[in-house]
Amino acid sequence: MANAGPLHQSEVRSSAFTRSGTPPEGLTPNPASGPLLQVTRLQKSYNVPVLVDFSFALERGEVHALVGSNGAGKSTFARILSGLTDRDGGDIQLEGRPYNPGSKREAEHAGVIMVLQELNVIGTMSIAENIFLNRLPRRGGFLRFVGLHNEARQALSRVGLGGVDPSTPAGFLGVGQQQLVEIAGALSQNCRLLILDEPTAALTDPEIEQLFENIRQLQKEGVGIIYVSHRMDEIRRIADRITVMRDGRVVATHQAGDVTPAELVREMVGHDLPERKKSVVERPVGEVALRVRNLRAGDQVRDVSFELRRGEILGIAGLIGSGRTETLRAIFGADAKDGGEILVGEQPVVIRSPADALRAGIGLVPEDRKQDGLLLPQPIRVNTTLSTIARHANAGGWLDTRAETKTTESFCGRLQVQCTSHEQTIGELSGGNQQKVVIARWLARDCRILLFDEPTRGIDVAAKHTIYQLLHDLAAEGKAVMVVSSELVELMALCDRLLVMSQGRITAEFTPDEWTQEKITQAAFSGYLDQKESAIAT
Amino acid sequence: MNLKAKKLVEYMAMLVIWLGLVLLFGLMSHNFLSERTFVTLANRIPALTVVAAGMTLVLIIGGIDLSVGSVLGLCGAVVGLALVNFHLPFWAAILLGLGVGLGAGTLNGLVSVGFGIPSFIVSLGMLEIARGLAYLTTNSQTKYIGGAVEGLSTPVAGLAVSPAFLIAVLVVVAGQVVLSRTVFGRYLIAIGTNEQAVRLAGINPKPVKIAVFALLGLLTGLGGVFYTSRLGSSDPNAGVGLELSAIAAVVIGGTSLMGGRGSVVNTFFGVLIIATLEAGLAQVGASEPTKRVITGVVIVGAVILDAWRHHLTGKKFMLLKQLFSRPPSSKSTP
């Protein structure tokens with residue numbers, strides 16, 4: 001199996017087709033006519049039905065977007081197509097032939113390739129090795145580096161990373177570029193159907209443009225693309241057709257131009273979302289809760305000063321890598337500070353660790369829930385009371401489980417965490433509900449200053465709305481709320497005031513009357529422009 | 001099924017496995033099912049039991065301590081030295097032994113947590129250091145102590161078991177209660193599950209981790225006292241390879257080497273299974289090499305069984321779901 005030549009590949013491909021029996025050659029429909037992919041009445045259930053009579057068609061050269069709340073069945077469908085999951089029933093035809101991949105490998109040999117939502121890049125291996133991981137060129141068990149790097153260079157140039165040395169460890173790249181490396185890996189295989197699951201979640205705007213250019217190129221080559229995303233604006237730009245899923249069924253399929261985001265969202269949730277308008281209810285903004293003066297931390301936070309008031313939602317916009325996350329982490333004591341002052345109310349506080357921050361009433365809802373926030377195999381109760389566990393014990397350190405359950409019921413109930421019981425393992429919850437549990441933890445700890453880092457990342461539209469409402473409620477209660485987000489529209493709908501960071505500094509501040517997307521974007525890029533100018537000047 | 005019931009079922013399962021093993025040897029050898037076998041068993045295991053109980057907690061936080069065998073030897077040697085050479089009273093000698101164990105464990109914890117070195121490496125160093133010190137303090141000679149210490153391991157009048165055994169059982173119960181009913185125990189499980197999340201939840205994991213290593217050291221010291229009392233002498237070679245038996249017992253009891261999950265009671269069953277296997281195989285006339293082969297197979301088999309059980313209860317399956325972020329429960333309750 002060392003050398004999988006083209007002949008061998010086609011053999012494997014046909015074996016993927018023939019698992020449920022290929023019709024004799026003469027009877028096969030002409031592969032050039034008919035859709036690239038035809039899915040008929042697909043069924044799948046894990047205890048509860050996940051796909052119900054799901055039918056779907058994809059033409060050659062089409063970008064077909066798949067939208068729906070988390071749990072609508074998009075990911076399951078993608079996994080069935082890419083051979084990671086077996087279906088319970090229904091029929092899939094790829095180019096007019098039955099298609100039943102038994103594994104990811106078989107799917108890839110048949111030209112169906114999926115780029116996963118979560119990055120699969122191995123940071124310590126070179127870019128080239130990552131691209132060709134499943135088919136490294138070798139001779140007698142030894143890698144052929146020359147061939148590998150040449151092919152990698154070609155693959156990289158297709159995604160606009162032509163100038164990158166393929167022998168660089170992939171971990172040296174930014175998240176966005178890592179994603180492009182994954183896509184390069186997909187493209188370097190004989191790809192006829194590409195499945196992209198939330199491909200832009202970690203990308204900056206220029207990288208998104210690059211991705212869209214690649215997608216358009218693939219379209220010209222006749223590749224069909226299934227594009228799974230929550231981001232309505234992107235879908236409207238790139239997709240030819242949009243299929244809305246809800247509870248494992250197709251709700252509707254639209255031509256991309258014929259439908260508005262509001263209509264799509266309505267179809268996804270099955271009912272109208274109340275319009276989110278900024279400052280519908282004027283909240284009284286109270287005294288200053290948090291003052292940050294000349295904060296410096298590492299390369300990413302160079303000089304940050306601002307004030308945050310009670311009852312206020314303050315947003316931080318900026319490009320990925322502008323120091324937004326790092327600012328929050330430094331305030332919270334998760335990373336070391338190099339300088340600057342933090343005052344809670346009028347009181348200067350020394351924050352060297354998250355424990356110090358919590359003592360000062362500051363809580364951080366981290367960007368990466370799974371890694372930094374949750375004890376995934378533990379029940380909801382344990383996750384909720386993690387920071388207050390000492391309060392749920394008597395003097396001897398004995399736990400009072402009943403008190404824990406009470407706290408959990410009170411806070412998770414208030415945030416409407418959907419679960420079978422509070423003893424349910426938190427890893428089984430959806431992203432939105434997991435996020436709510438992290439928030440519940442800080443509320444139980446009576447944090448008055450709440451820092452949210454990408455609070456709606458990877459959360460479905462309906463749950464996003466609950467989170468927005470929740471932030472409004474928290475502010476209305478007099479909490480001081482700070483939100484970092486990469487979605488400008490989200491920040492503009494949510495915040496009372498907006499800071500823009502660029503290159504580790506705050507480059508602009510806007511009120512709702514002043515801001516426009518253009519102004520904010522300009523401010524986000526300003527740090528990079530200044531740097532170039534000064535570089536030329538010196 | 002609630003957590004308590006689940007735990008009970010796990011205990012019962014371990015008990016049934018152990019009883020099955022006893023029955024198996026009973027069928028194979030007529031002499032096995034006798035009072036004498038069980039008395040011997042009960043008096044053989046206290047040292048291993050207390051060390052394995054402490055080891056359970058260390059494995060739960062995702063650490064490991066390879067030095068327990070040597071530290072046990074060193075503590076025994078110190079007890080012998082104190083009694084024979086310094087003529088210290090019995091209680092003082094025991095306190096000294098416990099203190100040495102506590103010190104060694106604390107040092108393991110301080111170095112590995114303080115410098116961020118894997119506990120595997122630090123305790124490997126301690127394994128050598130403690131054994132060397134054991135030889136140095138005893139001049140590499142076994143010291144006969146006699147009646148002064150033997151009381152601990154002599155069956156109590158009216159009961160078939162020794163004080164050492166009773167203390168060991170007490171340690172197991174206390175360990176389980178600490179693990180499942182106290183803040184400290186909750187921290188251990190949380191740290192073993194996701195240390196980063198624990199830190200960001202405002203808990204400093206370092207003192208907790210150091211404390212666990214210190215506790216294991218203390219229990220190893222206790223193990224050293226038990227060992228010395230059973231032999232009636234202090235032997236610088238005491239406890240060679242004990243770390244492996246202890247880890248094996250913990251793992252047979254279903255504690256995860258990855259941390260975050262474990263039970264002291266099940267570790268005790270692990271100790272029973274290992275000791276019964278040892279005694280039973282000797283009874284049916286298996287040679288030493290054969291015993292080792294079979295013990296090895298049992299260890300790996302137990303871990304496979306455990307992994308399979310967790311697969312069945314859906315934990316592994318859940319991991320897959322997490323990886324592909326399909327939330328199954330979002331629509332379970334309105």
# chains A, B, ... in the order shown; residues from 1 in each chain; ligands from 1

call {"tool": "interface_residues", "arguments": {"of": "chain A", "to": "chain B", "cutoff": "8 Å", "atoms": "only C-alpha atoms", "output": "PDB file with N, CA and C atoms, in the first residue's frame"}}
result
ATOM      1  N   TYR A  46     -29.555   8.964  16.765  1.00  0.00           N
ATOM      2  CA  TYR A  46     -28.815   8.549  17.962  1.00  0.00           C
ATOM      3  C   TYR A  46     -29.825   8.684  19.088  1.00  0.00           C
ATOM      4  N   VAL A  48     -32.357   9.886  19.685  1.00  0.00           N
ATOM      5  CA  VAL A  48     -33.343  10.775  19.079  1.00  0.00           C
ATOM      6  C   VAL A  48     -33.032  10.883  17.593  1.00  0.00           C
ATOM      7  N   ASN A  70     -27.532  24.617  15.865  1.00  0.00           N
ATOM      8  CA  ASN A  70     -26.772  23.447  16.294  1.00  0.00           C
ATOM      9  C   ASN A  70     -27.760  22.339  16.609  1.00  0.00           C
ATOM     10  N   GLY A  71     -27.428  21.111  16.211  1.00  0.00           N
ATOM     11  CA  GLY A  71     -28.348  20.019  16.459  1.00  0.00           C
ATOM     12  C   GLY A  71     -29.371  19.844  15.358  1.00  0.00           C
ATOM     13  N   GLY A  73     -28.684  18.847  12.436  1.00  0.00           N
ATOM     14  CA  GLY A  73     -28.302  17.656  11.680  1.00  0.00           C
ATOM     15  C   GLY A  73     -27.279  17.923  10.595  1.00  0.00           C
ATOM     16  N   SER A  75     -24.015  18.671  10.822  1.00  0.00           N
ATOM     17  CA  SER A  75     -22.740  17.978  11.032  1.00  0.00           C
ATOM     18  C   SER A  75     -22.887  16.476  10.809  1.00  0.00           C
ATOM     19  N   THR A  76     -24.018  15.929  11.230  1.00  0.00           N
ATOM     20  CA  THR A  76     -24.241  14.494  11.030  1.00  0.00           C
ATOM     21  C   THR A  76     -24.266  14.172   9.538  1.00  0.00           C
ATOM     22  N   GLN A 117     -14.682  21.634  11.292  1.00  0.00           N
ATOM     23  CA  GLN A 117     -14.868  22.889  12.014  1.00  0.00           C
ATOM     24  C   GLN A 117     -13.689  23.165  12.934  1.00  0.00           C
ATOM     25  N   ALA A 334      -5.019  35.794  34.109  1.00  0.00           N
ATOM     26  CA  ALA A 334      -4.723  34.500  33.497  1.00  0.00           C
ATOM     27  C   ALA A 334      -3.322  34.514  32.888  1.00  0.00           C
ATOM     28  N   SER A 353      -3.367  36.515  39.729  1.00  0.00           N
ATOM     29  CA  SER A 353      -3.909  35.222  39.343  1.00  0.00           C
ATOM     30  C   SER A 353      -5.418  35.359  39.207  1.00  0.00           C
ATOM     31  N   PRO A 354      -6.058  34.404  38.531  1.00  0.00           N
ATOM     32  CA  PRO A 354      -7.516  34.457  38.446  1.00  0.00           C
ATOM     33  C   PRO A 354      -8.165  34.498  39.825  1.00  0.00           C
ATOM     34  N   ALA A 355      -7.508  33.877  40.812  1.00  0.00           N
ATOM     35  CA  ALA A 355      -8.086  33.911  42.161  1.00  0.00           C
ATOM     36  C   ALA A 355      -8.173  35.346  42.664  1.00  0.00           C
ATOM     37  N   ASP A 356      -7.118  36.148  42.402  1.00  0.00           N
ATOM     38  CA  ASP A 356      -7.138  37.562  42.791  1.00  0.00           C
ATOM     39  C   ASP A 356      -8.274  38.297  42.087  1.00  0.00           C
ATOM     40  N   ALA A 357      -8.430  38.004  40.785  1.00  0.00           N
ATOM     41  CA  ALA A 357      -9.462  38.691  40.005  1.00  0.00           C
ATOM     42  C   ALA A 357     -10.845  38.391  40.567  1.00  0.00           C
ATOM     43  N   LEU A 358     -11.083  37.131  40.904  1.00  0.00           N
ATOM     44  CA  LEU A 358     -12.394  36.758  41.433  1.00  0.00           C
ATOM     45  C   LEU A 358     -12.646  37.441  42.769  1.00  0.00           C
ATOM     46  N   GLN A 371     -11.327  24.057  26.553  1.00  0.00           N
ATOM     47  CA  GLN A 371      -9.989  23.958  27.107  1.00  0.00           C
ATOM     48  C   GLN A 371      -9.833  24.770  28.389  1.00  0.00           C
ATOM     49  N   ASP A 372     -10.443  25.960  28.422  1.00  0.00           N
ATOM     50  CA  ASP A 372     -10.180  26.860  29.535  1.00  0.00           C
ATOM     51  C   ASP A 372     -11.330  26.977  30.521  1.00  0.00           C
ATOM     52  N   GLY A 373     -12.477  26.427  30.163  1.00  0.00           N
ATOM     53  CA  GLY A 373     -13.625  26.681  31.015  1.00  0.00           C
ATOM     54  C   GLY A 373     -14.224  25.458  31.680  1.00  0.00           C
ATOM     55  N   LEU A 374     -14.304  24.364  30.963  1.00  0.00           N
ATOM     56  CA  LEU A 374     -15.171  23.295  31.423  1.00  0.00           C
ATOM     57  C   LEU A 374     -14.413  22.061  31.883  1.00  0.00           C
ATOM     58  N   LEU A 375     -15.066  21.317  32.789  1.00  0.00           N
ATOM     59  CA  LEU A 375     -14.626  19.971  33.125  1.00  0.00           C
ATOM     60  C   LEU A 375     -15.575  19.059  32.354  1.00  0.00           C
ATOM     61  N   LEU A 376     -15.219  18.752  31.116  1.00  0.00           N
ATOM     62  CA  LEU A 376     -16.169  18.108  30.206  1.00  0.00           C
ATOM     63  C   LEU A 376     -16.780  16.808  30.735  1.00  0.00           C
ATOM     64  N   PRO A 377     -16.007  15.905  31.335  1.00  0.00           N
ATOM     65  CA  PRO A 377     -16.647  14.646  31.764  1.00  0.00           C
ATOM     66  C   PRO A 377     -17.420  14.773  33.075  1.00  0.00           C
ATOM     67  N   LEU A 386     -17.838  25.115  40.628  1.00  0.00           N
ATOM     68  CA  LEU A 386     -16.377  24.969  40.709  1.00  0.00           C
ATOM     69  C   LEU A 386     -15.716  26.130  41.463  1.00  0.00           C
ATOM     70  N   SER A 387     -16.154  27.357  41.177  1.00  0.00           N
ATOM     71  CA  SER A 387     -15.491  28.510  41.801  1.00  0.00           C
ATOM     72  C   SER A 387     -16.042  28.841  43.171  1.00  0.00           C
ATOM     73  N   ILE A 389     -16.964  26.339  45.410  1.00  0.00           N
ATOM     74  CA  ILE A 389     -17.097  25.066  46.090  1.00  0.00           C
ATOM     75  C   ILE A 389     -16.862  25.203  47.595  1.00  0.00           C
ATOM     76  N   ALA A 390     -15.957  26.119  47.961  1.00  0.00           N
ATOM     77  CA  ALA A 390     -15.683  26.286  49.382  1.00  0.00           C
ATOM     78  C   ALA A 390     -16.908  26.824  50.115  1.00  0.00           C
ATOM     79  N   ALA A 393     -19.535  24.148  51.425  1.00  0.00           N
ATOM     80  CA  ALA A 393     -19.015  23.175  52.369  1.00  0.00           C
ATOM     81  C   ALA A 393     -19.080  23.793  53.753  1.00  0.00           C
ATOM     82  N   GLY A 397     -14.713  21.355  55.682  1.00  0.00           N
ATOM     83  CA  GLY A 397     -14.413  21.030  54.294  1.00  0.00           C
ATOM     84  C   GLY A 397     -15.324  19.967  53.724  1.00  0.00           C
ATOM     85  N   TRP A 398     -16.417  19.650  54.450  1.00  0.00           N
ATOM     86  CA  TRP A 398     -17.368  18.650  53.945  1.00  0.00           C
ATOM     87  C   TRP A 398     -18.305  19.289  52.950  1.00  0.00           C
ATOM     88  N   LEU A 399     -18.479  18.634  51.807  1.00  0.00           N
ATOM     89  CA  LEU A 399     -19.350  19.170  50.775  1.00  0.00           C
ATOM     90  C   LEU A 399     -20.810  19.010  51.161  1.00  0.00           C
ATOM     91  N   GLN A 418     -30.524  24.092  29.098  1.00  0.00           N
ATOM     92  CA  GLN A 418     -31.381  22.962  28.745  1.00  0.00           C
ATOM     93  C   GLN A 418     -30.626  21.667  28.952  1.00  0.00           C
ATOM     94  N   CYS A 419     -31.170  20.822  29.853  1.00  0.00           N
ATOM     95  CA  CYS A 419     -30.490  19.580  30.178  1.00  0.00           C
ATOM     96  C   CYS A 419     -31.514  18.604  30.743  1.00  0.00           C
ATOM     97  N   THR A 420     -31.144  17.327  30.784  1.00  0.00           N
ATOM     98  CA  THR A 420     -32.078  16.342  31.336  1.00  0.00           C
ATOM     99  C   THR A 420     -32.097  16.414  32.855  1.00  0.00           C
ATOM    100  N   GLU A 423     -27.316  16.563  36.912  1.00  0.00           N
ATOM    101  CA  GLU A 423     -26.252  15.562  37.016  1.00  0.00           C
ATOM    102  C   GLU A 423     -25.782  15.119  35.632  1.00  0.00           C
ATOM    103  N   GLY A 427     -20.316  17.711  28.904  1.00  0.00           N
ATOM    104  CA  GLY A 427     -19.869  17.486  27.532  1.00  0.00           C
ATOM    105  C   GLY A 427     -21.000  17.109  26.593  1.00  0.00           C
ATOM    106  N   GLU A 428     -22.115  16.668  27.154  1.00  0.00           N
ATOM    107  CA  GLU A 428     -23.235  16.275  26.294  1.00  0.00           C
ATOM    108  C   GLU A 428     -24.097  17.463  25.883  1.00  0.00           C
ATOM    109  N   LEU A 429     -23.858  18.628  26.490  1.00  0.00           N
ATOM    110  CA  LEU A 429     -24.691  19.785  26.170  1.00  0.00           C
ATOM    111  C   LEU A 429     -24.215  20.461  24.885  1.00  0.00           C
ATOM    112  N   SER A 430     -25.092  21.254  24.312  1.00  0.00           N
ATOM    113  CA  SER A 430     -24.705  22.033  23.134  1.00  0.00           C
ATOM    114  C   SER A 430     -23.820  23.191  23.571  1.00  0.00           C
ATOM    115  N   GLY A 431     -23.128  23.785  22.611  1.00  0.00           N
ATOM    116  CA  GLY A 431     -22.200  24.874  22.900  1.00  0.00           C
ATOM    117  C   GLY A 431     -22.854  26.006  23.675  1.00  0.00           C
ATOM    118  N   ASN A 433     -25.461  25.975  25.639  1.00  0.00           N
ATOM    119  CA  ASN A 433     -25.779  25.614  27.017  1.00  0.00           C
ATOM    120  C   ASN A 433     -24.521  25.481  27.862  1.00  0.00           C
TER     121      ASN A 433
END

call {"tool": "residues_around", "arguments": {"residues": "range 135-138 of chain B", "least_positions_apart": "2", "cutoff": "10 Å", "atoms": "only C-alpha atoms", "output": "number ranges by chain"}}
result
B: 73-74, 76-78, 80-81, 130-133, 140-143, 234-237

call {"tool": "write_last_selection", "arguments": {"atoms": "N, CA, C and O atoms", "output": "tab-separated table (two decimals), in the first residue's frame"}}
result
chain	number	residue	atom	x	y	z
B	73	GLY	N	10.94	1.57	52.03
B	73	GLY	CA	12.15	0.94	52.56
B	73	GLY	C	12.89	1.88	53.50
B	73	GLY	O	13.32	1.49	54.59
B	74	LEU	N	13.02	3.15	53.07
B	74	LEU	CA	13.74	4.14	53.87
B	74	LEU	C	13.04	4.37	55.22
B	74	LEU	O	13.69	4.41	56.27
B	76	GLY	N	11.08	2.33	56.81
B	76	GLY	CA	11.30	1.14	57.65
B	76	GLY	C	12.68	1.17	58.27
B	76	GLY	O	12.85	0.90	59.47
B	77	ALA	N	13.66	1.55	57.45
B	77	ALA	CA	15.04	1.60	57.94
B	77	ALA	C	15.17	2.61	59.08
B	77	ALA	O	15.84	2.36	60.08
B	78	VAL	N	14.51	3.77	58.90
B	78	VAL	CA	14.60	4.82	59.92
B	78	VAL	C	13.94	4.34	61.22
B	78	VAL	O	14.48	4.57	62.32
B	80	GLY	N	13.71	1.29	62.25
B	80	GLY	CA	14.62	0.33	62.85
B	80	GLY	C	15.77	1.02	63.56
B	80	GLY	O	16.12	0.70	64.70
B	81	LEU	N	16.34	2.02	62.88
B	81	LEU	CA	17.45	2.78	63.44
B	81	LEU	C	17.05	3.44	64.76
B	81	LEU	O	17.78	3.38	65.76
B	130	ALA	N	16.00	7.58	47.74
B	130	ALA	CA	15.48	6.98	48.96
B	130	ALA	C	16.10	5.59	49.19
B	130	ALA	O	16.43	5.23	50.32
B	131	ARG	N	16.26	4.84	48.11
B	131	ARG	CA	16.85	3.51	48.28
B	131	ARG	C	18.29	3.62	48.74
B	131	ARG	O	18.74	2.90	49.64
B	132	GLY	N	19.00	4.58	48.15
B	132	GLY	CA	20.38	4.80	48.57
B	132	GLY	C	20.45	5.16	50.05
B	132	GLY	O	21.27	4.61	50.80
B	133	LEU	N	19.57	6.07	50.47
B	133	LEU	CA	19.56	6.47	51.87
B	133	LEU	C	19.20	5.31	52.78
B	133	LEU	O	19.73	5.18	53.89
B	140	SER	N	23.36	-1.23	54.90
B	140	SER	CA	22.95	-2.33	54.04
B	140	SER	C	22.68	-3.63	54.80
B	140	SER	O	22.79	-4.72	54.25
B	141	GLN	N	22.34	-3.50	56.06
B	141	GLN	CA	22.08	-4.72	56.83
B	141	GLN	C	20.66	-4.74	57.38
B	141	GLN	O	20.12	-3.71	57.75
B	142	THR	N	20.11	-5.93	57.43
B	142	THR	CA	18.80	-6.09	58.04
B	142	THR	C	18.96	-6.05	59.55
B	142	THR	O	19.82	-6.72	60.11
B	143	LYS	N	18.12	-5.20	60.19
B	143	LYS	CA	18.21	-5.07	61.65
B	143	LYS	C	17.06	-5.83	62.29
B	143	LYS	O	15.91	-5.58	61.95
B	234	SER	N	13.96	-4.37	60.32
B	234	SER	CA	13.97	-3.39	59.23
B	234	SER	C	14.96	-3.85	58.17
B	234	SER	O	16.11	-4.14	58.46
B	235	ASP	N	14.44	-3.90	56.93
B	235	ASP	CA	15.20	-4.48	55.83
B	235	ASP	C	15.39	-3.38	54.78
B	235	ASP	O	14.42	-2.83	54.28
B	236	PRO	N	16.64	-3.03	54.46
B	236	PRO	CA	16.84	-1.96	53.47
B	236	PRO	C	16.29	-2.31	52.10
B	236	PRO	O	16.10	-1.43	51.27
B	237	ASN	N	16.03	-3.57	51.84
B	237	ASN	CA	15.46	-3.97	50.56
B	237	ASN	C	13.93	-4.01	50.58
B	237	ASN	O	13.31	-4.42	49.60

call {"tool": "select_by_dssp", "arguments": {"residues": "range 330-411 of chain A", "states": "helix (DSSP H, G or I)", "output": "ChimeraX atom specification"}}
result
/A:330-332,354-359,369-373,380-384,386-392,401-411

call {"tool": "residues_around", "arguments": {"residues": "Arg283 in chain A", "least_positions_apart": "2", "cutoff": "12 Å", "atoms": "only C-alpha atoms", "output": "ChimeraX atom specification"}}
result
/A:278-281,285-286,309-313,472-480,495-496

call {"tool": "closest_residue", "arguments": {"among": "B:Leu15, B:Ile304, B:Ile294, B:Met126", "to": "Ser70 in chain B", "atoms": "only C-alpha atoms"}}
result
B:Met126

call {"tool": "residues_around", "arguments": {"residues": "range 342-350 of chain A", "least_positions_apart": "3", "cutoff": "10 Å", "atoms": "only C-alpha atoms", "output": "VMD selection string"}}
result
chain A and resid 287 to 295 305 to 310 331 333 339 353 356 to 357 359 to 362 448 to 449

call {"tool": "atom_distance", "arguments": {"atom1": "CA of Val301 in chain A", "atom2": "CA of Arg505 in chain A"}}
result
6.7 Å

call {"tool": "residues_around", "arguments": {"residues": "Ile235 in chain A", "least_positions_apart": "6", "cutoff": "12 Å", "atoms": "only C-alpha atoms", "output": "short mmCIF file (atom, residue, chain, number, x, y, z; two decimals) with C-alpha atoms, in the first residue's frame"}}
result
data_model
loop_
_atom_site.label_atom_id
_atom_site.label_comp_id
_atom_site.auth_asym_id
_atom_site.auth_seq_id
_atom_site.Cartn_x
_atom_site.Cartn_y
_atom_site.Cartn_z
CA VAL A 63 -21.83 26.17 -3.63
CA HIS A 64 -24.73 24.91 -1.61
CA ALA A 65 -24.98 26.38 1.87
CA LEU A 66 -26.45 24.38 4.70
CA VAL A 67 -27.79 26.42 7.59
CA LEU A 196 -16.54 23.06 4.59
CA GLU A 198 -17.72 26.71 9.57
CA PRO A 199 -14.56 27.41 7.57
CA THR A 200 -14.35 31.09 8.50
CA ILE A 208 -11.87 34.97 4.20
CA PHE A 212 -13.72 32.72 -1.21
CA ILE A 226 -21.30 22.08 0.71
CA TYR A 227 -20.80 25.12 2.88
CA VAL A 228 -21.96 24.82 6.49
CA SER A 229 -22.00 28.11 8.37
CA ARG A 241 -28.39 27.88 -3.09
CA ILE A 242 -29.22 27.74 0.60
CA THR A 243 -30.90 24.83 2.34
CA VAL A 244 -32.32 25.46 5.79
CA HIS A 254 -33.71 28.88 -1.67
CA GLN A 255 -31.79 30.52 -4.46
CA ALA A 256 -29.32 32.64 -2.53
CA GLY A 257 -30.57 35.91 -3.97
CA VAL A 259 -34.05 35.26 0.63
CA THR A 260 -33.13 37.65 3.43
CA PRO A 261 -31.16 36.71 6.55
CA LEU A 264 -33.52 32.31 7.02
#

call {"tool": "closest_residue", "arguments": {"among": "B:Thr276, B:Thr220, B:Ser287, B:Ser233", "to": "Leu48 in chain B", "atoms": "only C-alpha atoms"}}
result
B:Thr220

call {"tool": "select_by_dssp", "arguments": {"residues": "range 131-198 of chain A", "states": "strand (DSSP E)", "output": "list in words"}}
result
Arg138, Arg139, Phe142, Leu143, Leu193, Leu194, Ile195, Leu196 and Asp197 of chain A

call {"tool": "residues_around", "arguments": {"residues": "range 106-122 of chain B", "least_positions_apart": "3", "cutoff": "7 Å", "atoms": "only C-alpha atoms", "output": "mmCIF file with C-alpha atoms, in the first residue's frame"}}
result
data_model
loop_
_atom_site.group_PDB
_atom_site.id
_atom_site.type_symbol
_atom_site.label_atom_id
_atom_site.label_comp_id
_atom_site.auth_asym_id
_atom_site.auth_seq_id
_atom_site.Cartn_x
_atom_site.Cartn_y
_atom_site.Cartn_z
ATOM 1 C CA GLY B 63 0.428 12.480 38.488
ATOM 2 C CA ILE B 64 2.383 9.383 39.401
ATOM 3 C CA ASP B 65 4.846 8.479 42.158
ATOM 4 C CA LEU B 66 7.408 5.816 41.372
ATOM 5 C CA LEU B 102 5.893 12.900 54.584
ATOM 6 C CA GLY B 103 9.134 14.710 53.824
ATOM 7 C CA GLY B 125 14.957 10.341 41.004
ATOM 8 C CA MET B 126 13.472 9.958 44.460
ATOM 9 C CA LYS B 206 -0.364 24.006 43.022
ATOM 10 C CA LYS B 209 -1.125 19.005 44.032
ATOM 11 C CA ILE B 210 1.750 19.313 46.481
ATOM 12 C CA PHE B 213 2.090 14.023 46.971
ATOM 13 C CA ALA B 214 2.748 14.821 50.622
ATOM 14 C CA GLY B 217 4.416 10.199 51.259
#

call {"tool": "residues_around", "arguments": {"residues": "Thr49 in chain B", "least_positions_apart": "5", "cutoff": "12 Å", "atoms": "only C-alpha atoms", "output": "NGL selection string"}}
result
:B and (41-44 or 54-56 or 164-173 or 175 or 216 or 219-220 or 222-224 or 226-227 or 242-243 or 245-250 or 264-275)

call {"tool": "closest_residue", "arguments": {"among": "A:Ser167, A:Gly248, A:Arg158, A:Asp91", "to": "Ser45 in chain A", "atoms": "only C-alpha atoms"}}
result
A:Gly248

call {"tool": "atom_distance", "arguments": {"atom1": "CA of Gly363 in chain A", "atom2": "CA of Val483 in chain A"}}
result
12.0 Å

call {"tool": "decode", "arguments": {"residues": "range 444-450 of chain A", "atoms": "N, CA, C and O atoms", "output": "PDB file, in the first residue's frame"}}
result
ATOM      1  N   ALA A 444     -22.818  32.755  40.295  1.00  0.00           N
ATOM      2  CA  ALA A 444     -22.851  32.149  41.622  1.00  0.00           C
ATOM      3  C   ALA A 444     -21.769  32.753  42.509  1.00  0.00           C
ATOM      4  O   ALA A 444     -21.894  32.798  43.730  1.00  0.00           O
ATOM      5  N   ARG A 445     -20.718  33.211  41.889  1.00  0.00           N
ATOM      6  CA  ARG A 445     -19.593  33.790  42.620  1.00  0.00           C
ATOM      7  C   ARG A 445     -19.781  35.300  42.840  1.00  0.00           C
ATOM      8  O   ARG A 445     -18.877  35.990  43.247  1.00  0.00           O
ATOM      9  N   ASP A 446     -20.955  35.803  42.540  1.00  0.00           N
ATOM     10  CA  ASP A 446     -21.313  37.230  42.498  1.00  0.00           C
ATOM     11  C   ASP A 446     -20.240  38.121  41.911  1.00  0.00           C
ATOM     12  O   ASP A 446     -19.833  39.099  42.514  1.00  0.00           O
ATOM     13  N   CYS A 447     -19.805  37.802  40.707  1.00  0.00           N
ATOM     14  CA  CYS A 447     -18.901  38.704  40.013  1.00  0.00           C
ATOM     15  C   CYS A 447     -19.690  39.921  39.552  1.00  0.00           C
ATOM     16  O   CYS A 447     -20.788  39.782  39.014  1.00  0.00           O
ATOM     17  N   ARG A 448     -19.126  41.100  39.755  1.00  0.00           N
ATOM     18  CA  ARG A 448     -19.822  42.322  39.338  1.00  0.00           C
ATOM     19  C   ARG A 448     -19.284  42.825  38.009  1.00  0.00           C
ATOM     20  O   ARG A 448     -19.891  43.634  37.344  1.00  0.00           O
ATOM     21  N   ILE A 449     -18.094  42.358  37.665  1.00  0.00           N
ATOM     22  CA  ILE A 449     -17.496  42.756  36.394  1.00  0.00           C
ATOM     23  C   ILE A 449     -17.305  41.483  35.578  1.00  0.00           C
ATOM     24  O   ILE A 449     -16.609  40.554  36.009  1.00  0.00           O
ATOM     25  N   LEU A 450     -17.960  41.402  34.435  1.00  0.00           N
ATOM     26  CA  LEU A 450     -17.904  40.175  33.650  1.00  0.00           C
ATOM     27  C   LEU A 450     -17.259  40.445  32.296  1.00  0.00           C
ATOM     28  O   LEU A 450     -17.688  41.327  31.559  1.00  0.00           O
TER      29      LEU A 450
END
